[in-house]
Amino acid sequence: MRDHNFLIENNTKHLWQPMAHPAEARANPPKIIVGAEGVRITDVHGQSVIDAVGGLWNANLGYSCEPIKRAIADQLQVLPYYSSFRGSMPGPAIELAAKLREWFEPDGLVRVFFTSGGSDSVDTSLKLARQYHKIRGEHGRTKFISFKKGYHGTHWGGASVNGNKNFRHNYEPLLPGCIHIPAPYPYRNPFGETDPARLADLIAAILEDEIAFNGADTIAAFIMEPILGAGGVIPPHPSLMPKIREICDRNGILLIADEIITAFGRTGAWTGSRLWGVQPDMACFAKAITNSYFPFGVVMIAERMVDAFESSDARSANIATGYTYSGHPVGAAAGLATLAETRRLNVPVNAAARGAQLFEGAKALMAKHELIGDVRGGHGLMIGIECVSDRATKTPATGPAMGIVSETTYQNGVMIRVSGPNIILSPPLVISGEDCTAILDALDAGFSAAAALA
Ligand code: PMP
């Protein structure tokens, strides 16, 4: 490892960061993180702060989970890699698949397909959706519907169903036949509807209308996050996902749950779909499946799709997609250890309790700070704080104001994530009550600093 001065001098010199403008990153360099313990991270200057981001929603058990580290180290000694393409299969992948099937049986998910991350999982699920319809002779079902504000990774398929223009415009034209409907976002929507239940009804009606307009026989799947994450934490009304399930069923459309953030306890339930009482046809997982210690992803598939694939001897049922690192033995070993620890610690219980504390605390901050326009959460450790420069007009807060909040919060001992005008809180699910209080105190200081400079 080079000395820390090398890191500081070379920060962003040779490196383009994801989701950042290279020149901006140079002008305002990212924090260099060199260590982590428990729920805290340490930067190159030796400052230790609480990680209220949880890595990127994925270090659910924090950074000191020894059983996972040991499982990775042990697996590296025994079998550091082997391919899972036709003809071979690394042992740990078989074990993890059996465990995942057991875990997700209540969600009706009975087959496992491994990928190497979230974007891979999304694109795989979109491909399998089209393939399912082709196997059944419905060749015209190629389109996808999703939410504006939804986030489904950065590959071409995921970017095409993404509903945030920032992730789309620089890369267009994207996949044709991707339809976007309004998000269940009471704070901002085209109808001015602030009641979540009525908004859910309107969105369901728009979905029906789009299906009728396009023709149900052109649509392969609807893909959604059970709670929209990167879009700023947008939980739908509990009626919406069940309604979407029913509309999909009635029209022969598959429902894909993008559970890349919401699974493994983050919402206070084991999956976001289970939170809303829905069984999807496919679910995408990644992130917390290895507690972030190894890049890994999974698509899980429901019985009705399995029948179509496994009872067909046509070439069309050949799964002609997959990744060099699908089912990586080290990732699978990390996944097995993570599932065991996640279950042992029964993390949804703490996620629900600490999530309620942060949600209530963030609402109290809103009563105090004009910069906060909306606070969203209420389902585990996913909290969104949307900032505005004017509450009456809901004008999004400026970059400089957000910068002051995040820097002051950091100087007060807490790393937060700023995404546009949103602050996202998604700490490890094992976080304590005292650490949540510290997060709220640091944010309070951050908002006060921004107000003082306004
Ligand atoms: N879907 C959702 C809901 C996500 O939050 C993310 C990552 N933030 C992805 C897909 C993409 O995952 P990855 O970055 O691992 O490719």
# chains A, B, ... in the order shown; residues from 1 in each chain; ligands from 1
$ residues_near_ligand --ligand "ligand 1" --cutoff "10 Å" --atoms "only C-alpha atoms and all ligand atoms" --output "MDAnalysis selection string"
chainID A and resid 18 56:58 115:123 150:155 158:159 162 224:231 257:262 284:288 292 295:297
$ write_last_selection --atoms "N, CA and C atoms" --output "tab-separated table (two decimals), in the first residue's frame"
chain	number	residue	atom	x	y	z
A	18	PRO	N	-17.28	6.88	-11.19
A	18	PRO	CA	-18.66	6.69	-11.63
A	18	PRO	C	-19.52	7.84	-11.11
A	56	LEU	N	-22.96	1.56	-0.19
A	56	LEU	CA	-23.90	2.06	-1.20
A	56	LEU	C	-25.19	1.24	-1.03
A	57	TRP	N	-25.76	1.34	0.12
A	57	TRP	CA	-26.94	0.60	0.59
A	57	TRP	C	-26.62	-0.87	0.81
A	58	ASN	N	-25.36	-1.25	0.91
A	58	ASN	CA	-25.08	-2.69	0.80
A	58	ASN	C	-24.25	-3.29	1.94
A	115	THR	N	-25.16	-13.81	-11.31
A	115	THR	CA	-24.57	-12.76	-12.14
A	115	THR	C	-23.40	-12.17	-11.34
A	116	SER	N	-22.84	-11.07	-11.84
A	116	SER	CA	-21.75	-10.48	-11.06
A	116	SER	C	-22.08	-9.12	-10.46
A	117	GLY	N	-23.36	-8.74	-10.46
A	117	GLY	CA	-23.73	-7.47	-9.83
A	117	GLY	C	-25.16	-7.10	-10.17
A	118	GLY	N	-25.57	-5.95	-9.70
A	118	GLY	CA	-26.96	-5.54	-9.85
A	118	GLY	C	-27.36	-5.27	-11.30
A	119	SER	N	-26.54	-4.52	-12.02
A	119	SER	CA	-26.89	-4.20	-13.41
A	119	SER	C	-26.96	-5.47	-14.24
A	120	ASP	N	-26.05	-6.39	-13.97
A	120	ASP	CA	-26.11	-7.70	-14.66
A	120	ASP	C	-27.42	-8.41	-14.37
A	121	SER	N	-27.85	-8.34	-13.10
A	121	SER	CA	-29.08	-9.04	-12.73
A	121	SER	C	-30.28	-8.44	-13.46
A	122	VAL	N	-30.33	-7.11	-13.52
A	122	VAL	CA	-31.46	-6.46	-14.19
A	122	VAL	C	-31.48	-6.85	-15.66
A	123	ASP	N	-30.33	-6.72	-16.33
A	123	ASP	CA	-30.34	-7.02	-17.77
A	123	ASP	C	-30.67	-8.49	-18.03
A	150	GLY	N	-37.42	5.52	-11.33
A	150	GLY	CA	-36.86	4.22	-10.98
A	150	GLY	C	-35.39	4.15	-11.37
A	151	TYR	N	-34.64	3.30	-10.69
A	151	TYR	CA	-33.23	3.08	-11.03
A	151	TYR	C	-32.99	1.58	-11.17
A	152	HIS	N	-32.45	1.19	-12.31
A	152	HIS	CA	-32.25	-0.23	-12.55
A	152	HIS	C	-30.85	-0.52	-13.10
A	153	GLY	N	-29.87	0.23	-12.63
A	153	GLY	CA	-28.51	-0.03	-13.05
A	153	GLY	C	-28.16	0.67	-14.35
A	154	THR	N	-26.99	0.33	-14.88
A	154	THR	CA	-26.42	1.16	-15.95
A	154	THR	C	-26.17	0.42	-17.26
A	155	HIS	N	-26.46	-0.88	-17.33
A	155	HIS	CA	-26.29	-1.56	-18.62
A	155	HIS	C	-27.37	-1.04	-19.58
A	158	GLY	N	-30.97	-1.94	-18.44
A	158	GLY	CA	-31.30	-1.22	-17.20
A	158	GLY	C	-31.40	0.27	-17.43
A	159	ALA	N	-30.46	0.82	-18.21
A	159	ALA	CA	-30.50	2.26	-18.49
A	159	ALA	C	-31.78	2.60	-19.26
A	162	ASN	N	-34.56	2.65	-16.83
A	162	ASN	CA	-34.35	3.69	-15.82
A	162	ASN	C	-35.27	4.86	-16.08
A	224	MET	N	-39.99	-3.00	-11.37
A	224	MET	CA	-40.08	-1.95	-10.36
A	224	MET	C	-39.24	-2.29	-9.13
A	225	GLU	N	-38.79	-1.24	-8.47
A	225	GLU	CA	-38.22	-1.38	-7.13
A	225	GLU	C	-39.40	-1.34	-6.15
A	226	PRO	N	-39.49	-2.28	-5.22
A	226	PRO	CA	-40.61	-2.23	-4.26
A	226	PRO	C	-40.66	-0.92	-3.48
A	227	ILE	N	-39.47	-0.37	-3.17
A	227	ILE	CA	-39.37	1.03	-2.71
A	227	ILE	C	-38.31	1.65	-3.60
A	228	LEU	N	-38.64	2.74	-4.28
A	228	LEU	CA	-37.65	3.35	-5.18
A	228	LEU	C	-36.51	3.90	-4.32
A	229	GLY	N	-35.28	3.56	-4.70
A	229	GLY	CA	-34.14	3.92	-3.87
A	229	GLY	C	-33.40	5.15	-4.37
A	230	ALA	N	-32.59	4.95	-5.42
A	230	ALA	CA	-31.73	6.04	-5.90
A	230	ALA	C	-32.54	7.25	-6.35
A	231	GLY	N	-33.80	7.05	-6.71
A	231	GLY	CA	-34.67	8.16	-7.09
A	231	GLY	C	-34.99	9.09	-5.92
A	257	ALA	N	-39.30	-7.78	-9.80
A	257	ALA	CA	-39.01	-6.94	-8.63
A	257	ALA	C	-37.51	-6.70	-8.60
A	258	ASP	N	-37.12	-5.45	-8.70
A	258	ASP	CA	-35.70	-5.11	-8.55
A	258	ASP	C	-35.46	-4.88	-7.06
A	259	GLU	N	-34.96	-5.95	-6.42
A	259	GLU	CA	-34.79	-5.97	-4.96
A	259	GLU	C	-33.33	-5.70	-4.58
A	260	ILE	N	-32.62	-5.04	-5.47
A	260	ILE	CA	-31.17	-4.91	-5.27
A	260	ILE	C	-30.85	-4.11	-4.01
A	261	ILE	N	-31.70	-3.16	-3.68
A	261	ILE	CA	-31.55	-2.45	-2.39
A	261	ILE	C	-32.43	-3.09	-1.32
A	262	THR	N	-33.64	-3.47	-1.70
A	262	THR	CA	-34.68	-3.73	-0.69
A	262	THR	C	-34.61	-5.11	-0.03
A	284	CYS	N	-34.47	-9.47	-8.75
A	284	CYS	CA	-33.04	-9.19	-8.93
A	284	CYS	C	-32.43	-8.87	-7.58
A	285	PHE	N	-31.31	-9.52	-7.28
A	285	PHE	CA	-30.59	-9.27	-6.03
A	285	PHE	C	-29.12	-8.97	-6.35
A	286	ALA	N	-28.47	-8.27	-5.45
A	286	ALA	CA	-27.01	-8.03	-5.53
A	286	ALA	C	-26.60	-7.43	-4.18
A	287	LYS	N	-25.73	-6.45	-4.21
A	287	LYS	CA	-25.35	-5.65	-3.04
A	287	LYS	C	-25.18	-6.46	-1.75
A	288	ALA	N	-26.22	-6.45	-0.88
A	288	ALA	CA	-26.07	-7.00	0.47
A	288	ALA	C	-25.96	-8.52	0.50
A	292	SER	N	-21.56	-6.68	0.63
A	292	SER	CA	-20.73	-5.75	-0.16
A	292	SER	C	-19.26	-6.18	-0.24
A	295	PRO	N	-18.25	-8.55	-5.29
A	295	PRO	CA	-19.28	-8.22	-6.29
A	295	PRO	C	-20.03	-9.48	-6.71
A	296	PHE	N	-21.33	-9.45	-6.61
A	296	PHE	CA	-22.10	-10.68	-6.83
A	296	PHE	C	-23.55	-10.31	-7.09
A	297	GLY	N	-24.22	-11.07	-7.92
A	297	GLY	CA	-25.63	-10.80	-8.16
A	297	GLY	C	-26.41	-12.08	-8.44
$ residues_around --residues "stretch 393-407 of chain A" --least-positions-apart "3" --cutoff "8 Å" --atoms "only C-alpha atoms" --output "compact mmCIF listing (two decimals) with C-alpha atoms, in the first residue's frame"
# COMPACT_ATOMS: atom_id res chain seq x y z
CA LEU A 371 -34.18 23.70 3.45
CA GLY A 373 -39.03 20.10 1.63
CA CYS A 387 -34.09 19.68 -0.06
CA VAL A 388 -35.60 22.78 -1.62
CA SER A 389 -34.47 26.39 -1.81
CA ASP A 390 -38.12 27.49 -1.50
CA TYR A 410 -19.04 14.99 7.62
CA GLN A 411 -17.03 17.34 9.80
CA MET A 415 -20.89 10.41 5.95
CA ILE A 416 -24.16 10.96 4.07
CA ARG A 417 -25.01 10.52 0.40
CA VAL A 418 -26.22 13.46 -1.61
CA GLY A 420 -29.23 15.83 -6.60
CA PRO A 421 -31.44 17.56 -4.03
CA LEU A 443 -27.36 16.54 10.01
CA ALA A 445 -25.41 20.94 12.24
CA GLY A 446 -25.22 20.51 8.45
CA PHE A 447 -28.61 22.14 7.84
CA ALA A 449 -24.58 25.69 8.41
CA ALA A 450 -26.42 25.82 5.08
CA ALA A 454 -28.05 31.20 2.61
$ closest_atom_pairs --of "stretch 68-166 of chain A" --to "stretch 333-350 of chain A" --cutoff "9 Å" --atoms "only C-alpha atoms" --output "CSV"
residue,atom,partner,partner_atom,distance
A:Ile68,CA,A:Ala337,CA,5.1
A:Lys69,CA,A:Ala334,CA,7.6
A:Arg70,CA,A:Ala334,CA,8.7
A:Ala71,CA,A:Ala333,CA,5.9
A:Ile72,CA,A:Ala334,CA,5.6
A:Asp74,CA,A:Ala333,CA,8.8
A:Gln75,CA,A:Ala333,CA,6.6
A:Pro92,CA,A:Ala333,CA,5.9
A:Ala93,CA,A:Ala333,CA,7.9
A:Glu95,CA,A:Leu336,CA,7.8
A:Leu96,CA,A:Leu336,CA,5.8
A:Lys99,CA,A:Leu336,CA,7.6
A:Leu100,CA,A:Leu339,CA,8.6
A:Trp103,CA,A:Leu339,CA,8.9
$ closest_residue --among "A:Val112, A:Thr218, A:Gln131, A:Asp107" --to "A:Ala320" --atoms "only C-alpha atoms"
A:Gln131
$ closest_residue --among "A:Pro329, A:Val299, A:Asp374, A:Gly35" --to "A:Leu79" --atoms "only C-alpha atoms"
A:Pro329
$ decode --residues "stretch 314-427 of chain A" --atoms "C-alpha atoms" --output "PDB file, in the first residue's frame"
ATOM      1  CA  ALA A 314     -36.724 -26.096 -28.171  1.00  0.00           C
ATOM      2  CA  ARG A 315     -33.468 -24.214 -28.765  1.00  0.00           C
ATOM      3  CA  SER A 316     -35.342 -21.136 -27.630  1.00  0.00           C
ATOM      4  CA  ALA A 317     -35.109 -22.380 -24.011  1.00  0.00           C
ATOM      5  CA  ASN A 318     -31.296 -22.417 -24.054  1.00  0.00           C
ATOM      6  CA  ILE A 319     -30.113 -19.781 -21.589  1.00  0.00           C
ATOM      7  CA  ALA A 320     -27.673 -18.032 -23.907  1.00  0.00           C
ATOM      8  CA  THR A 321     -26.606 -15.388 -21.422  1.00  0.00           C
ATOM      9  CA  GLY A 322     -24.319 -15.299 -18.376  1.00  0.00           C
ATOM     10  CA  TYR A 323     -21.089 -13.859 -17.047  1.00  0.00           C
ATOM     11  CA  THR A 324     -17.522 -15.057 -16.540  1.00  0.00           C
ATOM     12  CA  TYR A 325     -18.020 -14.405 -12.833  1.00  0.00           C
ATOM     13  CA  SER A 326     -21.540 -15.888 -12.556  1.00  0.00           C
ATOM     14  CA  GLY A 327     -21.515 -18.055  -9.439  1.00  0.00           C
ATOM     15  CA  HIS A 328     -17.930 -17.068  -8.540  1.00  0.00           C
ATOM     16  CA  PRO A 329     -16.901 -19.470  -5.777  1.00  0.00           C
ATOM     17  CA  VAL A 330     -15.463 -16.741  -3.560  1.00  0.00           C
ATOM     18  CA  GLY A 331     -18.615 -14.638  -3.977  1.00  0.00           C
ATOM     19  CA  ALA A 332     -20.792 -17.683  -3.311  1.00  0.00           C
ATOM     20  CA  ALA A 333     -18.832 -18.461  -0.142  1.00  0.00           C
ATOM     21  CA  ALA A 334     -19.243 -14.817   0.921  1.00  0.00           C
ATOM     22  CA  GLY A 335     -22.972 -15.087   0.162  1.00  0.00           C
ATOM     23  CA  LEU A 336     -23.400 -18.227   2.275  1.00  0.00           C
ATOM     24  CA  ALA A 337     -21.647 -16.628   5.239  1.00  0.00           C
ATOM     25  CA  THR A 338     -23.636 -13.401   4.780  1.00  0.00           C
ATOM     26  CA  LEU A 339     -26.975 -15.216   4.727  1.00  0.00           C
ATOM     27  CA  ALA A 340     -26.044 -17.110   7.886  1.00  0.00           C
ATOM     28  CA  GLU A 341     -25.037 -13.919   9.723  1.00  0.00           C
ATOM     29  CA  THR A 342     -28.003 -11.966   8.405  1.00  0.00           C
ATOM     30  CA  ARG A 343     -30.360 -14.648   9.730  1.00  0.00           C
ATOM     31  CA  ARG A 344     -28.496 -15.063  13.023  1.00  0.00           C
ATOM     32  CA  LEU A 345     -28.676 -11.336  13.721  1.00  0.00           C
ATOM     33  CA  ASN A 346     -32.304 -11.177  12.526  1.00  0.00           C
ATOM     34  CA  VAL A 347     -31.498  -7.783  11.003  1.00  0.00           C
ATOM     35  CA  PRO A 348     -35.020  -6.726   9.912  1.00  0.00           C
ATOM     36  CA  VAL A 349     -35.946  -6.114  13.562  1.00  0.00           C
ATOM     37  CA  ASN A 350     -33.180  -3.580  14.128  1.00  0.00           C
ATOM     38  CA  ALA A 351     -33.688  -2.111  10.628  1.00  0.00           C
ATOM     39  CA  ALA A 352     -37.342  -1.398  11.464  1.00  0.00           C
ATOM     40  CA  ALA A 353     -36.600   0.115  14.893  1.00  0.00           C
ATOM     41  CA  ARG A 354     -33.629   2.233  13.817  1.00  0.00           C
ATOM     42  CA  GLY A 355     -35.409   3.179  10.598  1.00  0.00           C
ATOM     43  CA  ALA A 356     -38.340   4.538  12.613  1.00  0.00           C
ATOM     44  CA  GLN A 357     -35.924   6.505  14.800  1.00  0.00           C
ATOM     45  CA  LEU A 358     -34.191   8.089  11.789  1.00  0.00           C
ATOM     46  CA  PHE A 359     -37.485   8.773   9.997  1.00  0.00           C
ATOM     47  CA  GLU A 360     -39.017  10.491  13.027  1.00  0.00           C
ATOM     48  CA  GLY A 361     -35.754  12.350  13.648  1.00  0.00           C
ATOM     49  CA  ALA A 362     -35.603  13.547  10.041  1.00  0.00           C
ATOM     50  CA  LYS A 363     -39.193  14.799  10.296  1.00  0.00           C
ATOM     51  CA  ALA A 364     -38.227  16.729  13.436  1.00  0.00           C
ATOM     52  CA  LEU A 365     -35.347  18.282  11.470  1.00  0.00           C
ATOM     53  CA  MET A 366     -37.851  19.314   8.796  1.00  0.00           C
ATOM     54  CA  ALA A 367     -39.844  21.233  11.399  1.00  0.00           C
ATOM     55  CA  LYS A 368     -36.665  23.141  12.188  1.00  0.00           C
ATOM     56  CA  HIS A 369     -34.954  23.646   8.817  1.00  0.00           C
ATOM     57  CA  GLU A 370     -36.569  25.414   5.846  1.00  0.00           C
ATOM     58  CA  LEU A 371     -34.177  23.704   3.450  1.00  0.00           C
ATOM     59  CA  ILE A 372     -36.021  20.399   3.928  1.00  0.00           C
ATOM     60  CA  GLY A 373     -39.028  20.095   1.628  1.00  0.00           C
ATOM     61  CA  ASP A 374     -39.972  16.451   2.125  1.00  0.00           C
ATOM     62  CA  VAL A 375     -38.958  13.491   4.277  1.00  0.00           C
ATOM     63  CA  ARG A 376     -39.660   9.964   3.093  1.00  0.00           C
ATOM     64  CA  GLY A 377     -39.222   6.611   4.767  1.00  0.00           C
ATOM     65  CA  GLY A 378     -41.173   4.574   7.245  1.00  0.00           C
ATOM     66  CA  HIS A 379     -39.980   1.194   6.002  1.00  0.00           C
ATOM     67  CA  GLY A 380     -36.695   0.261   7.592  1.00  0.00           C
ATOM     68  CA  LEU A 381     -33.378   1.916   6.940  1.00  0.00           C
ATOM     69  CA  MET A 382     -34.202   3.773   3.725  1.00  0.00           C
ATOM     70  CA  ILE A 383     -34.730   7.456   4.438  1.00  0.00           C
ATOM     71  CA  GLY A 384     -34.878  10.246   1.845  1.00  0.00           C
ATOM     72  CA  ILE A 385     -34.624  13.935   2.723  1.00  0.00           C
ATOM     73  CA  GLU A 386     -35.475  16.148  -0.241  1.00  0.00           C
ATOM     74  CA  CYS A 387     -34.090  19.683  -0.057  1.00  0.00           C
ATOM     75  CA  VAL A 388     -35.599  22.783  -1.618  1.00  0.00           C
ATOM     76  CA  SER A 389     -34.473  26.392  -1.809  1.00  0.00           C
ATOM     77  CA  ASP A 390     -38.115  27.492  -1.497  1.00  0.00           C
ATOM     78  CA  ARG A 391     -40.797  25.370   0.153  1.00  0.00           C
ATOM     79  CA  ALA A 392     -43.671  27.162  -1.597  1.00  0.00           C
ATOM     80  CA  THR A 393     -42.325  26.634  -5.113  1.00  0.00           C
ATOM     81  CA  LYS A 394     -40.530  23.357  -4.270  1.00  0.00           C
ATOM     82  CA  THR A 395     -37.489  24.621  -6.197  1.00  0.00           C
ATOM     83  CA  PRO A 396     -34.770  21.991  -5.727  1.00  0.00           C
ATOM     84  CA  ALA A 397     -31.894  23.068  -3.460  1.00  0.00           C
ATOM     85  CA  THR A 398     -28.712  24.125  -5.229  1.00  0.00           C
ATOM     86  CA  GLY A 399     -25.517  22.086  -5.456  1.00  0.00           C
ATOM     87  CA  PRO A 400     -23.588  24.528  -3.225  1.00  0.00           C
ATOM     88  CA  ALA A 401     -26.249  24.312  -0.478  1.00  0.00           C
ATOM     89  CA  MET A 402     -26.179  20.514  -0.639  1.00  0.00           C
ATOM     90  CA  GLY A 403     -22.377  20.644  -0.544  1.00  0.00           C
ATOM     91  CA  ILE A 404     -22.420  22.672   2.668  1.00  0.00           C
ATOM     92  CA  VAL A 405     -24.852  20.241   4.311  1.00  0.00           C
ATOM     93  CA  SER A 406     -22.820  17.191   3.381  1.00  0.00           C
ATOM     94  CA  GLU A 407     -19.411  18.682   4.255  1.00  0.00           C
ATOM     95  CA  THR A 408     -20.587  20.046   7.617  1.00  0.00           C
ATOM     96  CA  THR A 409     -22.304  16.751   8.419  1.00  0.00           C
ATOM     97  CA  TYR A 410     -19.044  14.987   7.620  1.00  0.00           C
ATOM     98  CA  GLN A 411     -17.032  17.338   9.802  1.00  0.00           C
ATOM     99  CA  ASN A 412     -19.524  16.472  12.548  1.00  0.00           C
ATOM    100  CA  GLY A 413     -18.733  12.801  12.191  1.00  0.00           C
ATOM    101  CA  VAL A 414     -21.172  11.367   9.630  1.00  0.00           C
ATOM    102  CA  MET A 415     -20.886  10.414   5.951  1.00  0.00           C
ATOM    103  CA  ILE A 416     -24.162  10.958   4.067  1.00  0.00           C
ATOM    104  CA  ARG A 417     -25.011  10.525   0.401  1.00  0.00           C
ATOM    105  CA  VAL A 418     -26.220  13.463  -1.613  1.00  0.00           C
ATOM    106  CA  SER A 419     -27.939  12.672  -4.901  1.00  0.00           C
ATOM    107  CA  GLY A 420     -29.228  15.826  -6.598  1.00  0.00           C
ATOM    108  CA  PRO A 421     -31.436  17.562  -4.030  1.00  0.00           C
ATOM    109  CA  ASN A 422     -31.853  14.357  -2.001  1.00  0.00           C
ATOM    110  CA  ILE A 423     -29.994  13.186   1.058  1.00  0.00           C
ATOM    111  CA  ILE A 424     -30.161   9.454   1.378  1.00  0.00           C
ATOM    112  CA  LEU A 425     -29.691   7.658   4.687  1.00  0.00           C
ATOM    113  CA  SER A 426     -29.087   3.925   4.384  1.00  0.00           C
ATOM    114  CA  PRO A 427     -26.706   2.926   7.189  1.00  0.00           C
TER     115      PRO A 427
END
